[in-house]
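*Asks:* input.cif is reproduced below (mmCIF, C-alpha atoms).
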```
data_query
#
loop_
_atom_site.label_atom_id
_atom_site.label_comp_id
_atom_site.auth_asym_id
_atom_site.auth_seq_id
_atom_site.Cartn_x
_atom_site.Cartn_y
_atom_site.Cartn_z
CA MET A 172 4.56 26.65 -9.19
CA VAL A 173 1.74 25.24 -7.08
CA SER A 174 2.47 25.54 -3.34
CA TYR A 175 3.17 22.13 -1.81
CA ILE A 176 2.07 23.39 1.60
CA HIS A 177 -1.37 24.48 0.40
CA GLN A 178 -1.73 21.03 -1.16
CA ILE A 179 -0.55 19.32 2.03
CA VAL A 180 -3.02 21.26 4.17
CA ASN A 181 -5.79 20.27 1.78
CA VAL A 182 -4.76 16.61 2.00
CA ILE A 183 -4.73 16.28 5.75
CA HIS A 184 -7.72 18.61 6.08
CA PHE A 185 -6.42 19.12 9.60
CA ASN A 186 -8.14 15.82 10.51
CA TYR A 187 -5.16 14.89 12.60
CA PHE A 188 -5.48 17.99 14.74
CA ASN A 189 -9.28 17.78 14.88
CA GLN A 190 -9.05 14.41 16.59
CA VAL A 191 -6.77 15.53 19.39
CA ILE A 192 -7.85 19.08 20.25
CA SER A 193 -11.13 20.96 20.16
CA TRP A 194 -11.69 23.16 17.12
CA GLU A 195 -14.73 25.41 16.81
CA GLN A 196 -16.64 26.32 13.65
CA HIS A 197 -16.97 30.01 12.81
CA LYS A 198 -18.31 32.11 9.98
CA LEU A 199 -15.48 34.01 8.37
CA GLY A 200 -17.44 37.22 8.82
CA ASP A 201 -17.57 36.64 12.60
CA VAL A 202 -13.79 36.46 12.99
CA CYS A 203 -12.61 38.79 10.19
CA ASN A 204 -13.40 42.28 9.00
CA GLN A 205 -13.10 43.86 5.56
CA LEU A 206 -10.81 46.77 4.87
CA THR A 207 -13.13 49.45 3.58
CA GLY A 208 -11.02 52.61 3.41
CA ALA A 209 -10.89 54.05 -0.12
CA ILE A 210 -8.67 56.62 -1.77
CA ASN A 211 -10.11 60.00 -2.50
CA PRO A 212 -8.22 61.26 -5.60
CA GLN A 213 -9.17 64.83 -4.82
CA THR A 214 -7.65 64.94 -1.33
CA ARG A 215 -4.44 62.98 -2.11
CA PRO A 216 -3.56 64.03 -5.67
CA ASN A 217 0.25 64.07 -5.48
CA GLU A 218 1.07 60.97 -3.42
CA LEU A 219 2.67 57.86 -4.88
CA PHE A 220 0.82 54.65 -3.99
CA VAL A 221 1.89 51.01 -4.26
CA GLU A 222 -0.93 48.84 -5.56
CA TYR A 223 -1.50 45.10 -5.21
CA SER A 224 -3.23 44.06 -8.41
CA MET A 225 -4.29 40.74 -9.94
CA PRO A 226 -1.37 39.05 -11.76
CA ALA A 227 -1.53 37.28 -15.08
CA TYR A 228 -3.00 33.83 -14.56
CA ASP A 229 0.26 32.06 -15.40
CA SER A 230 2.48 34.22 -13.19
CA GLY A 231 3.88 33.46 -9.76
CA MET A 232 2.33 32.98 -6.35
CA LYS A 233 1.86 36.61 -5.37
CA PRO A 234 -0.05 39.57 -6.77
CA ASN A 235 1.58 42.13 -8.99
CA ILE A 236 2.92 45.24 -7.28
CA VAL A 237 2.27 48.36 -9.35
CA TYR A 238 3.89 51.74 -8.73
CA GLY A 239 2.08 54.83 -9.93
CA PHE A 240 -1.42 54.62 -11.40
CA THR A 241 -4.55 56.66 -11.97
CA MET A 242 -6.23 56.83 -8.58
CA ASN A 243 -9.92 56.15 -8.20
CA SER A 244 -12.32 55.40 -5.36
CA THR A 245 -12.53 51.66 -6.11
CA ARG A 246 -9.03 51.05 -4.72
CA LYS A 247 -8.87 50.27 -1.00
CA ILE A 248 -6.11 51.29 1.37
CA VAL A 249 -4.15 48.35 2.78
CA ASN A 250 -2.71 49.72 6.01
CA GLU A 251 -2.28 46.50 8.02
CA SER A 252 -1.63 42.78 7.54
CA CYS A 253 -4.48 41.14 5.67
CA LEU A 254 -5.63 38.41 3.31
CA LEU A 255 -6.41 39.46 -0.25
CA ILE A 256 -9.11 37.30 -1.84
CA ASN A 257 -9.51 37.63 -5.58
CA LYS A 258 -13.14 37.94 -6.69
CA LEU A 259 -12.57 36.39 -10.11
CA ASN A 260 -11.58 33.04 -11.59
CA VAL A 261 -12.07 30.62 -8.74
CA ARG A 262 -9.85 27.87 -10.17
CA LYS A 263 -6.76 30.07 -10.21
CA LYS A 264 -4.59 31.18 -7.30
CA ARG A 265 -6.83 33.62 -5.50
CA ILE A 266 -5.69 34.17 -1.90
CA TRP A 267 -2.58 36.02 -0.70
CA TYR A 268 -1.27 36.79 2.76
CA ILE A 269 0.09 40.34 2.93
CA LYS A 270 2.20 40.93 6.05
CA ASN A 271 3.03 44.47 7.16
CA PRO A 272 2.32 46.22 3.84
CA THR A 273 4.45 49.17 2.83
CA LYS A 274 3.22 52.70 3.48
CA ASN A 275 0.68 54.00 0.98
CA ALA A 276 -0.28 50.51 -0.14
CA VAL A 277 -3.63 49.85 -1.79
CA CYS A 278 -5.33 46.94 -3.51
CA SER A 279 -7.28 46.97 -6.72
CA ALA A 280 -11.02 46.44 -6.95
CA GLU A 281 -10.39 42.79 -7.92
CA PHE A 282 -9.65 41.96 -4.28
CA ILE A 283 -11.64 41.61 -1.08
CA PRO A 284 -9.19 42.44 1.74
CA LEU A 285 -9.77 40.77 5.13
CA TYR A 286 -8.06 41.47 8.44
CA SER A 287 -8.55 40.27 12.01
CA ASP A 288 -7.36 41.09 15.51
CA ASP A 289 -8.55 37.73 16.86
CA ILE A 290 -7.29 35.22 14.28
CA ASP A 291 -3.73 34.51 13.18
CA LEU A 292 -3.84 35.38 9.49
CA LEU A 293 -0.87 33.20 8.58
CA PHE A 294 -2.75 30.17 9.91
CA LEU A 295 -6.00 31.30 8.28
CA ASN A 296 -4.19 31.69 4.96
CA TYR A 297 -3.35 27.97 4.93
CA VAL A 298 -6.88 27.03 5.97
CA VAL A 299 -8.68 29.02 3.26
CA SER A 300 -6.16 27.96 0.61
CA ARG A 301 -7.55 24.42 0.74
CA ASP A 302 -9.61 23.06 -2.14
CA SER A 303 -12.73 22.82 0.02
CA PHE A 304 -12.74 26.60 0.45
CA THR A 305 -12.09 27.15 -3.25
CA ASN A 306 -14.90 24.73 -4.06
CA TYR A 307 -17.23 26.72 -1.82
CA LEU A 308 -16.34 29.93 -3.63
CA GLU A 309 -16.90 28.29 -7.01
CA ASP A 310 -20.29 26.86 -6.00
CA CYS A 311 -21.45 30.26 -4.77
CA SER A 312 -20.03 32.29 -7.66
CA SER A 313 -22.20 33.78 -10.35
CA GLY A 314 -21.34 34.75 -13.90
CA SER A 315 -21.79 33.85 -17.57
CA SER A 316 -18.65 31.67 -17.81
CA ASN A 317 -16.03 30.10 -15.56
CA SER A 318 -13.53 32.83 -16.35
CA GLN A 319 -16.06 35.54 -15.50
CA LYS A 320 -17.54 34.02 -12.36
CA ARG A 321 -17.10 36.21 -9.32
CA VAL A 322 -17.76 36.13 -5.60
CA THR A 323 -19.14 38.91 -3.47
CA PRO A 324 -18.21 39.98 0.07
CA ASP A 325 -21.46 38.45 1.31
CA ILE A 326 -20.33 35.03 0.06
CA ILE A 327 -16.97 35.40 1.80
CA ILE A 328 -18.36 36.32 5.20
CA GLU A 329 -20.76 33.36 5.16
CA ALA A 330 -17.95 30.84 4.58
CA LYS A 331 -17.42 28.48 7.55
CA VAL A 332 -14.01 27.55 8.91
CA PHE A 333 -12.83 25.40 11.83
CA LEU A 334 -10.37 27.14 14.16
CA PRO A 335 -8.38 26.08 17.24
CA VAL A 336 -7.43 28.49 20.00
CA LYS A 337 -5.12 31.37 19.07
CA ASP A 338 -2.04 29.77 20.60
CA GLU A 339 -2.47 26.64 18.46
CA GLN A 340 -3.08 28.76 15.36
CA LEU A 341 0.27 30.47 15.87
CA LYS A 342 2.17 27.20 16.28
CA ILE A 343 0.54 25.45 13.33
CA GLY A 344 0.85 28.49 11.07
CA ARG A 345 4.56 28.87 11.85
CA TYR A 346 5.13 25.15 11.39
CA PHE A 347 3.78 25.21 7.83
CA GLN A 348 5.55 28.48 7.09
CA LYS A 349 8.90 26.90 8.03
CA ILE A 350 8.28 24.02 5.66
CA ASP A 351 7.12 26.41 2.93
CA ASN A 352 10.31 28.47 3.32
CA LEU A 353 12.51 25.38 3.28
CA ILE A 354 10.82 24.02 0.18
CA THR A 355 11.17 27.36 -1.59
CA LEU A 356 14.85 27.54 -0.64
CA HIS A 357 15.65 24.05 -1.84
CA GLN A 358 13.61 24.41 -5.02
CA ARG A 359 15.84 27.35 -5.90
CA LYS A 360 18.83 25.07 -5.37
CA TYR A 361 17.19 22.48 -7.63
CA PHE A 362 16.86 19.87 -4.91
CA ASN A 363 14.81 16.86 -5.96
CA ALA A 364 11.43 15.84 -4.56
CA MET A 365 12.91 13.31 -2.14
CA ASN A 366 14.87 16.09 -0.45
CA ILE A 367 11.65 18.06 -0.13
CA LYS A 368 9.93 15.06 1.42
CA LYS A 369 12.78 14.52 3.87
CA ILE A 370 12.67 18.18 4.91
CA ALA A 371 8.96 17.88 5.61
CA LEU A 372 9.49 14.67 7.57
CA LEU A 373 12.28 16.16 9.66
CA LYS A 374 10.23 19.26 10.41
CA PHE A 375 7.25 17.12 11.35
CA PHE A 376 9.08 14.94 13.85
CA SER A 377 11.33 17.66 15.27
CA THR A 378 8.91 20.60 15.31
CA LEU A 379 5.37 19.28 15.40
CA SER A 380 5.90 16.35 17.73
CA HIS A 381 7.96 18.40 20.19
CA GLU A 382 6.28 21.81 20.08
CA ILE A 383 2.63 20.96 19.43
CA TYR A 384 1.96 17.28 19.63
CA ARG A 385 3.38 16.74 23.12
CA GLN A 386 0.92 19.22 24.58
CA PHE A 387 -2.25 17.35 23.77
CA THR A 388 -1.44 13.66 23.22
CA ASN A 389 0.02 10.79 25.19
CA SER A 390 3.81 10.59 25.37
CA TRP A 391 5.73 8.71 22.69
CA GLU A 392 7.51 5.53 23.80
CA GLN A 393 11.16 4.95 22.89
CA ARG A 394 11.95 1.40 21.75
CA LYS A 395 14.51 -0.47 19.68
CA LEU A 396 13.39 -2.01 16.41
CA GLY A 397 14.66 -5.34 17.71
CA GLU A 398 12.08 -5.15 20.52
CA LEU A 399 9.34 -4.85 17.93
CA GLY A 400 10.35 -7.48 15.38
CA SER A 401 13.12 -9.35 13.57
CA VAL A 402 14.96 -8.94 10.28
CA SER A 403 13.72 -11.18 7.46
CA MET A 404 14.92 -11.88 3.92
CA ASN A 405 14.10 -14.17 1.02
CA ARG A 406 15.82 -17.51 0.52
CA ARG A 407 19.09 -17.28 -1.43
CA ILE A 408 18.79 -17.45 -5.20
CA PHE A 409 21.90 -18.50 -7.11
CA LYS A 410 22.87 -17.04 -10.47
CA GLU A 411 22.29 -20.33 -12.28
CA GLN A 412 18.69 -20.30 -11.02
CA THR A 413 17.94 -17.04 -12.84
CA THR A 414 17.27 -16.24 -16.49
CA ALA A 415 17.13 -13.05 -18.56
CA THR A 416 13.41 -13.59 -19.12
CA GLY A 417 10.91 -15.62 -17.23
CA ASP A 418 7.87 -15.85 -15.01
CA VAL A 419 8.73 -13.99 -11.78
CA PRO A 420 10.97 -10.89 -11.50
CA PHE A 421 14.04 -11.30 -9.29
CA TYR A 422 15.25 -7.97 -7.88
CA LYS A 423 18.91 -7.59 -7.03
CA ILE A 424 20.33 -4.61 -5.19
CA GLY A 425 21.13 -2.90 -8.49
CA THR A 426 17.55 -3.15 -9.76
CA PHE A 427 15.78 -2.70 -6.40
CA GLY A 428 12.96 -0.21 -6.91
CA GLY A 429 13.50 -0.23 -10.67
CA VAL A 430 13.28 -2.58 -13.63
CA PRO A 431 14.38 -6.21 -13.08
CA ASP A 432 17.02 -7.77 -15.31
CA ALA A 433 16.66 -11.32 -13.96
CA PHE A 434 13.80 -13.77 -13.43
CA ILE A 435 13.11 -17.09 -11.70
CA SER A 436 10.70 -19.85 -12.65
CA ARG A 437 7.15 -20.03 -11.37
CA ASN A 438 7.77 -23.41 -9.73
CA LEU A 439 10.83 -22.17 -7.81
CA PHE A 440 8.96 -19.05 -6.71
CA GLU A 441 5.97 -21.00 -5.37
CA GLU A 442 8.23 -23.47 -3.56
CA TYR A 443 10.40 -20.83 -1.88
CA LYS A 444 7.46 -18.59 -1.06
CA SER A 445 5.72 -21.43 0.79
CA LYS A 446 8.81 -22.74 2.63
CA TYR A 447 10.82 -19.65 3.51
CA PRO A 448 10.29 -16.05 4.72
CA TYR A 449 8.33 -13.88 2.32
CA PRO A 450 7.08 -10.30 2.83
CA LYS A 451 3.44 -9.50 3.59
CA ILE A 452 1.55 -6.81 1.72
CA GLY A 453 2.57 -3.47 3.21
CA ASP A 454 5.96 -4.62 4.50
CA ILE A 455 8.72 -2.08 3.88
CA LEU A 456 11.71 -3.58 2.07
CA ILE A 457 15.10 -1.96 2.78
CA SER A 458 18.29 -1.93 0.73
CA ALA A 459 21.10 -3.21 3.00
CA SER A 460 24.03 -2.49 0.66
CA GLY A 461 24.97 0.13 -1.91
CA SER A 462 22.68 3.08 -1.22
CA ILE A 463 21.65 1.70 2.15
CA GLY A 464 18.25 2.53 3.55
CA ARG A 465 16.33 2.88 0.29
CA THR A 466 12.80 1.55 0.76
CA VAL A 467 10.13 -0.07 -1.37
CA GLU A 468 6.69 -1.05 -0.09
CA TYR A 469 5.70 -4.60 -1.01
CA THR A 470 2.34 -4.42 -2.77
CA GLY A 471 1.57 -8.14 -3.22
CA LYS A 472 2.94 -8.75 -6.71
CA ASP A 473 4.70 -12.00 -7.56
CA GLU A 474 8.35 -11.01 -7.23
CA TYR A 475 11.44 -12.16 -5.37
CA PHE A 476 14.31 -10.29 -3.73
CA GLN A 477 18.03 -10.85 -3.29
CA ASP A 478 18.86 -12.27 0.15
CA SER A 479 20.89 -10.20 2.66
CA ASN A 480 20.96 -7.20 0.32
CA ILE A 481 17.18 -6.61 0.51
CA VAL A 482 15.53 -7.17 3.90
CA TRP A 483 12.47 -6.19 5.90
CA LEU A 484 11.40 -5.96 9.54
CA SER A 485 8.87 -8.66 10.45
CA HIS A 486 6.74 -7.33 13.29
CA ASP A 487 3.35 -7.55 14.95
CA ASP A 488 0.45 -5.10 14.96
CA LYS A 489 2.11 -2.77 17.50
CA LEU A 490 3.94 -1.09 14.63
CA ASP A 491 2.20 0.43 11.60
CA ASN A 492 4.06 0.06 8.30
CA THR A 493 3.09 3.48 6.95
CA PHE A 494 4.57 5.07 10.07
CA LEU A 495 7.65 2.84 9.77
CA LYS A 496 8.16 3.96 6.17
CA ALA A 497 8.09 7.61 7.25
CA PHE A 498 10.56 6.80 10.02
CA TYR A 499 12.94 5.11 7.57
CA ALA A 500 13.17 8.37 5.61
CA ILE A 501 14.91 10.13 8.53
CA VAL A 502 16.40 7.20 10.46
CA LYS A 503 19.94 7.28 11.85
CA TRP A 504 20.96 3.64 11.83
CA SER A 505 22.68 2.39 14.97
CA GLY A 506 26.40 1.84 14.64
CA ILE A 507 26.99 3.33 11.19
CA GLU A 508 26.66 7.08 11.74
CA GLY A 509 29.81 8.72 10.41
CA SER A 510 31.41 5.43 9.39
CA THR A 511 32.48 4.26 5.96
CA ILE A 512 30.51 1.00 6.18
CA LYS A 513 28.53 0.42 3.00
CA ARG A 514 26.37 -2.37 4.42
CA LEU A 515 23.45 -2.36 6.80
CA TYR A 516 23.75 -5.41 9.04
CA ASN A 517 20.93 -6.98 11.04
CA ASP A 518 22.36 -5.62 14.31
CA ASN A 519 22.37 -2.09 12.89
CA ILE A 520 18.66 -2.41 12.20
CA LEU A 521 17.67 -4.17 15.40
CA ASN A 522 19.59 -1.76 17.69
CA THR A 523 18.17 1.36 16.03
CA GLU A 524 15.88 3.36 18.33
CA ILE A 525 12.44 4.57 17.34
CA LYS A 526 9.91 6.73 19.18
CA LEU A 527 6.35 5.41 18.95
CA PRO A 528 2.97 6.98 19.61
CA SER A 529 -0.14 4.80 19.84
CA VAL A 530 -0.98 2.60 16.83
CA ASN A 531 -3.94 4.84 15.96
CA GLU A 532 -1.67 7.89 15.95
CA GLN A 533 0.95 5.99 13.91
CA GLN A 534 -1.71 5.32 11.28
CA MET A 535 -2.76 8.97 11.13
CA ILE A 536 0.85 10.14 10.74
CA GLY A 537 1.55 7.42 8.19
CA LYS A 538 -1.52 8.43 6.20
CA PHE A 539 -0.35 12.04 6.23
CA PHE A 540 2.99 11.17 4.65
CA TYR A 541 1.50 8.58 2.29
CA LYS A 542 -0.61 11.32 0.74
CA LEU A 543 2.30 13.74 0.87
CA ASP A 544 4.33 11.18 -1.08
CA ASN A 545 1.64 11.04 -3.76
CA LEU A 546 1.49 14.83 -4.01
CA ILE A 547 5.27 15.15 -4.35
CA THR A 548 5.30 12.46 -7.02
CA LEU A 549 2.50 14.23 -8.91
CA HIS A 550 4.19 17.63 -8.80
CA GLN A 551 7.58 16.15 -9.62
CA HIS A 552 6.10 14.77 -12.82
CA GLU A 553 4.54 18.16 -13.58
CA ASN A 554 7.88 19.89 -12.90
CA LEU A 555 9.78 17.50 -15.13
CA LYS A 556 7.33 18.21 -17.95
CA GLY A 557 7.77 21.94 -17.39
CA GLY A 558 11.55 21.73 -17.00
CA LEU A 559 11.55 23.04 -13.43
CA LEU A 560 13.47 20.21 -11.79
#
```
Show how you would write the structure in this file as structure tokens.

*Replies:*
Amino acid sequence: MVSYIHQIVNVIHFNYFNQVISWEQHKLGDVCNQLTGAINPQTRPNELFVEYSMPAYDSGMKPNIVYGFTMNSTRKIVNESCLLINKLNVRKKRIWYIKNPTKNAVCSAEFIPLYSDDIDLLFLNYVVSRDSFTNYLEDCSSGSSNSQKRVTPDIIIEAKVFLPVKDEQLKIGRYFQKIDNLITLHQRKYFNAMNIKKIALLKFFSTLSHEIYRQFTNSWEQRKLGELGSVSMNRRIFKEQTTATGDVPFYKIGTFGGVPDAFISRNLFEEYKSKYPYPKIGDILISASGSIGRTVEYTGKDEYFQDSNIVWLSHDDKLDNTFLKAFYAIVKWSGIEGSTIKRLYNDNILNTEIKLPSVNEQQMIGKFFYKLDNLITLHQHENLKGGLL
């Protein structure tokens, strides 16, 4: 299954970090070395070696491990942590991080093994797993067909990467590794994509903001949602004002985020929209009963929502809606934690605390999770087709 974390790193392109700390550009060959030691079959004829070899193209996310083979001088000894870069087939999984390889480990001639004493390889693994690096390899590859195109060591060492200081590499690399491990764990338990998203959100706000972000940005301000805006809802629609078919969809709590089963007339919609509160494009609608806290972003379509059961926070430009949507995914509503209340009242919303960075930083974080949302949705569809979730 495609790694969500490699996709996430490609999406954000580390733009967020580039804007707040200084990253320097390096050639890969200036910060990494190639493992060059080769086996001599004549001097080590009776030893058993473990070989990392190229897997079948439809296999998992790590190379095959082969025990016992005919030794030859094209195999290279892997005696320390390294990255294995596959020379062939640039559109397939081609980079692996090998940490503390077993004794007598080697890699096949299909790989270019890289190691470094100066760069954190776990961090570098996420960087070079991005599409931009793969695209570079593809553009520089030569061969008669896509399946036969190959890269050479000279191409690898000329590749350019942006790197922060070593301390930041360690923190960022471990941050993504924690998310990767959590996603792998919960995929095995058949958790759905929304659980995966929530894990990533929780790790972002609890790990990144506290361990990395606080070191190189302004402090986040703690506020109550009621200090930033007020709760709004549509004008009440009575049952006799709805029909089974009609001009404008009317969403009740049972159809919120799904397919409407009631409609109102065009005239009533235009009248109520002009006279009473109505969401703006980008406002985040919240379910206030049933499964409380579910959210839907209003996109500007002609539609109407059940009063008191579906609400939104009306606010000014000090709060970015994409950031607010990410916050709603992990929010602990004031006054209802651990209770049996099945309704979210206005006071619960308005008294809920939120920590805010600057608006510009809110937008960057919101953009991160907006694209993460799209990736999860895409891969969820792929998994459903393949029967994985």

*Asks:* Between CA of Trp391 in chain A and CA of Asn519 in chain A, what distance in Å does the model show, to one decimal?

*Replies:*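 Spanning CA of Trp391 in chain A to CA of Asn519 in chain A is a straight-line distance of 22.1 Å.
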
*Asks:* Identify, on the basis of all atoms listed in the file, every residue whose closest approach to range 414-424 of chain A does not exceed 12 Å; exclude the query and any residue fewer than 2 positions from it along the same chain; express the result as number ranges by chain.

*Replies:* A: 405-412, 426-441, 444, 456-467, 472-482, 514

*Asks:* Using the chain letters and numbers from this file, what does the PyMOL selection byres ((chain A and resi 198) around 10) select? Give the answer as a ChimeraX atom specification.

*Replies:* /A:196-197,199-203,327-333

*Asks:* With C-alpha atoms kept, could you save the residues just selected as a CSV table (one decimal), in the coordinates of the input?

*Replies:*
```
chain,number,residue,atom,x,y,z
A,196,GLN,CA,-16.6,26.3,13.6
A,197,HIS,CA,-17.0,30.0,12.8
A,199,LEU,CA,-15.5,34.0,8.4
A,200,GLY,CA,-17.4,37.2,8.8
A,201,ASP,CA,-17.6,36.6,12.6
A,202,VAL,CA,-13.8,36.5,13.0
A,203,CYS,CA,-12.6,38.8,10.2
A,327,ILE,CA,-17.0,35.4,1.8
A,328,ILE,CA,-18.4,36.3,5.2
A,329,GLU,CA,-20.8,33.4,5.2
A,330,ALA,CA,-18.0,30.8,4.6
A,331,LYS,CA,-17.4,28.5,7.6
A,332,VAL,CA,-14.0,27.6,8.9
A,333,PHE,CA,-12.8,25.4,11.8
```

*Asks:* As a list in words, please: the residues near Glu339 in chain A (cut-off 10 Å, all atoms listed in the file, same-chain neighbours under 2 positions excluded).

*Replies:*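 Answer for this query is Phe188, Ile192, Trp194, Asp291, Phe294, Leu334, Pro335, Val336, Lys337, Leu341, Lys342, Ile343, Gly344, Arg345 and Ile383 of chain A.
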
*Asks:* Kindly give the distance, in Å, that separates CA of Thr323 in chain A and CA of Asn257 in chain A, rounded to a single decimal.

*Replies:* 9.9 Å

*Asks:* Please measure the separation of CA of Val277 in chain A and CA of Ser224 in chain A, giving the value in Å to one decimal.

*Replies:*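 Computed distance, CA of Val277 in chain A to CA of Ser224 in chain A, equals 8.8 Å.
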
*Asks:* Could you pull range 323-336 of chain A out of the structure I just pasted and write it to a file containing N, CA, C and O atoms, as a compact mmCIF listing (two decimals), in the first residue's frame?

*Replies:*
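What landed in part-v4.txt:
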```
# COMPACT_ATOMS: atom_id res chain seq x y z
N THR A 323 22.16 6.15 -12.85
CA THR A 323 23.54 5.81 -12.50
C THR A 323 23.92 6.55 -11.22
O THR A 323 23.26 7.53 -10.83
N PRO A 324 25.00 6.11 -10.57
CA PRO A 324 25.44 6.82 -9.36
C PRO A 324 25.72 8.30 -9.61
O PRO A 324 25.48 9.13 -8.73
N ASP A 325 26.20 8.63 -10.81
CA ASP A 325 26.50 10.03 -11.11
C ASP A 325 25.23 10.89 -11.06
O ASP A 325 25.27 12.05 -10.65
N ILE A 326 24.11 10.33 -11.51
CA ILE A 326 22.84 11.05 -11.46
C ILE A 326 22.42 11.28 -10.01
O ILE A 326 21.96 12.37 -9.65
N ILE A 327 22.59 10.25 -9.18
CA ILE A 327 22.20 10.35 -7.77
C ILE A 327 22.99 11.45 -7.07
O ILE A 327 22.42 12.28 -6.36
N ILE A 328 24.28 11.47 -7.23
CA ILE A 328 25.10 12.41 -6.46
C ILE A 328 24.91 13.85 -6.91
O ILE A 328 25.23 14.78 -6.17
N GLU A 329 24.35 14.05 -8.10
CA GLU A 329 24.10 15.42 -8.57
C GLU A 329 22.73 15.94 -8.13
O GLU A 329 22.44 17.12 -8.29
N ALA A 330 21.89 15.07 -7.59
CA ALA A 330 20.56 15.50 -7.14
C ALA A 330 20.69 16.51 -6.02
O ALA A 330 21.56 16.41 -5.14
N LYS A 331 19.81 17.54 -6.02
CA LYS A 331 19.87 18.61 -5.03
C LYS A 331 18.73 18.45 -4.03
O LYS A 331 17.59 18.18 -4.39
N VAL A 332 19.06 18.63 -2.77
CA VAL A 332 18.08 18.53 -1.69
C VAL A 332 18.26 19.71 -0.75
O VAL A 332 19.35 20.25 -0.61
N PHE A 333 17.14 20.15 -0.12
CA PHE A 333 17.19 21.19 0.89
C PHE A 333 17.20 20.53 2.27
O PHE A 333 16.38 19.66 2.55
N LEU A 334 18.12 20.97 3.13
CA LEU A 334 18.28 20.35 4.44
C LEU A 334 18.37 21.41 5.54
O LEU A 334 19.05 22.42 5.38
N PRO A 335 17.68 21.17 6.67
CA PRO A 335 17.87 22.03 7.84
C PRO A 335 19.08 21.54 8.63
O PRO A 335 19.78 20.60 8.22
N VAL A 336 19.32 22.12 9.78
CA VAL A 336 20.41 21.66 10.63
C VAL A 336 20.08 20.27 11.15
O VAL A 336 18.93 19.84 11.17
```
